[in-house]
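Undergrad: Supplied in structure tokens, the structure appears directly below.
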Amino acid sequence: MAERVLVTGASGFVGKTLCASLVSKGFPVRGVARSGTVVKGVEAVEVKDIADTSPSAWASMLSGVDVVIHCAALVHQMGPDDEEARARYHRVNTQATASLAKAAVDAGVKRFIFLSTVKVLGESSEPGHAFRAHDPASPTDAYARSKWEAEKAIQEVAVGSAMDFAIVRPPLVYGPGVGANFQALTRLVSARIPLPLGAINNRRSLVSIDNLVDLIVRCAEYPGAIHDILLVSDRDDVSTTQLIRRLAKAKGVSPLLIPVPASWLTTIGKWLGKSDALQRLCGNLQVDIQHTRDKLDWWPPYSMEETLVRMNATRD
């Protein structure tokens, strides 16, 4: 009989696709979400505030569970990196994760899979030097620090216990149903809005929802011990200009790209107080997934083009 899996954040962007994949593979799935709306075939558990969940409540939800996949989080949001933001991220992303990991050990869970972020390693990589899984952590904002602290809490709880763990650090995740900046960019391309991004020669790693979920399921199924940090991507790094061209191709439109030098955009970004946003558009952020391949015998099965086509088949 397949092992029972508990997924937190089961109604979220990653959680819904993950739950559907697990169900299709025959896993009994218990989905924890802020609302009762989860994928068909999933046993739904409603939790209004994951940070307020008591040890006894977790014990009940974890009864009979073999694998925990922790996707729930306060996601990165634009705004000041002040004391209030730090407290908010720490409460949801760090403290709640530590409590769940402790409860999982007490409940006899075999494996704890945590969805972290590549931002733990930094906001950008040096040209030609992709991040590797065991590079020193260098989180630069409250969100990334909260995830880094959560990673450390999981490892501390797992030491000396029978619970294995896998920490997955994805870059930007995209696919059908994606929101935030990627959705906004897609809409600009669809509307054929002129974009001053026609001369960006950077390199950024992205991961499609299909490839990310495939790796997470691989972690759940993997027969040996993992006890490791894993990076994930499509293994097809693109420049911002290339990404826009691929989005346009999937939409069946011609992009309107103006070749403004990246140095000009960076300067304009400083003038407008938008340096962080311009860094994401013009800077490098690459990850090396060779360690993940060696550890789990895994390689991304889906191309960026396949996922973009699926995105185009659904409404933005």
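Starting from 1 in every chain, residues are counted up; chains themselves are A, B, ... following the order of the structure tokens, and ligands are numbered from 1 as listed.
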Let's see if you can do this: from backbone DSSP, list all strand (DSSP E) residues in segment 17-230 of chain A, as a PyMOL selection string.

TA: chain A and resi 29-33+43-46+67-70+111-115+164-169+172-174+206-208+228-230

Undergrad: Suppose you want the space between atom CA of Val42 of chain A and atom CA of Met311 of chain A; what is it in Å?

TA: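 Calculated distance between atom CA of Val42 of chain A and atom CA of Met311 of chain A is 24.1 Å.
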
Undergrad: Have a look at atom CA of Met304 of chain A and atom CA of Arg245 of chain A and let me know their distance in Å, one decimal.

TA: 12.2 Å

Undergrad: Can you tell me which residues surround Lys249 of chain A at a distance of at most 10 Å, considering only C-alpha atoms, apart from same-chain residues fewer than 5 positions away, and format the answer as a PyMOL selection string?

TA: chain A and resi 189-190+243-244+254-255+305+308-309+312

Undergrad: From the set A:Gly128, A:Gly15, A:Gly108, A:Pro300, which residue has the shortest atom-to-atom contact distance to Leu215 of chain A, counting only C-alpha atoms?

TA: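 Using only C-alpha atoms, Leu215 of chain A sits closest to A:Pro300.
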
Undergrad: Provide the atom CA of Leu172 of chain A to atom CA of Leu265 of chain A distance in Å, to one decimal place.

TA: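 Atom CA of Leu265 of chain A lies 21.4 Å from atom CA of Leu172 of chain A.
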
Undergrad: So, counting only C-alpha atoms, which residue among A:Val157, A:Ala87, A:Ala104, A:Val5 is closest to Val217 of chain A?

TA: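 Closest to Val217 of chain A, using only C-alpha atoms: A:Val5.
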
Undergrad: Pick out the residues sitting within 8 Å of segment 63-73 of chain A, and hand them over as a PyMOL selection string; count only C-alpha atoms, and ignore anything fewer than 5 positions along from it in its own chain.

TA: chain A and resi 3-10+12+14-15+92-93+97+104+107-115+220
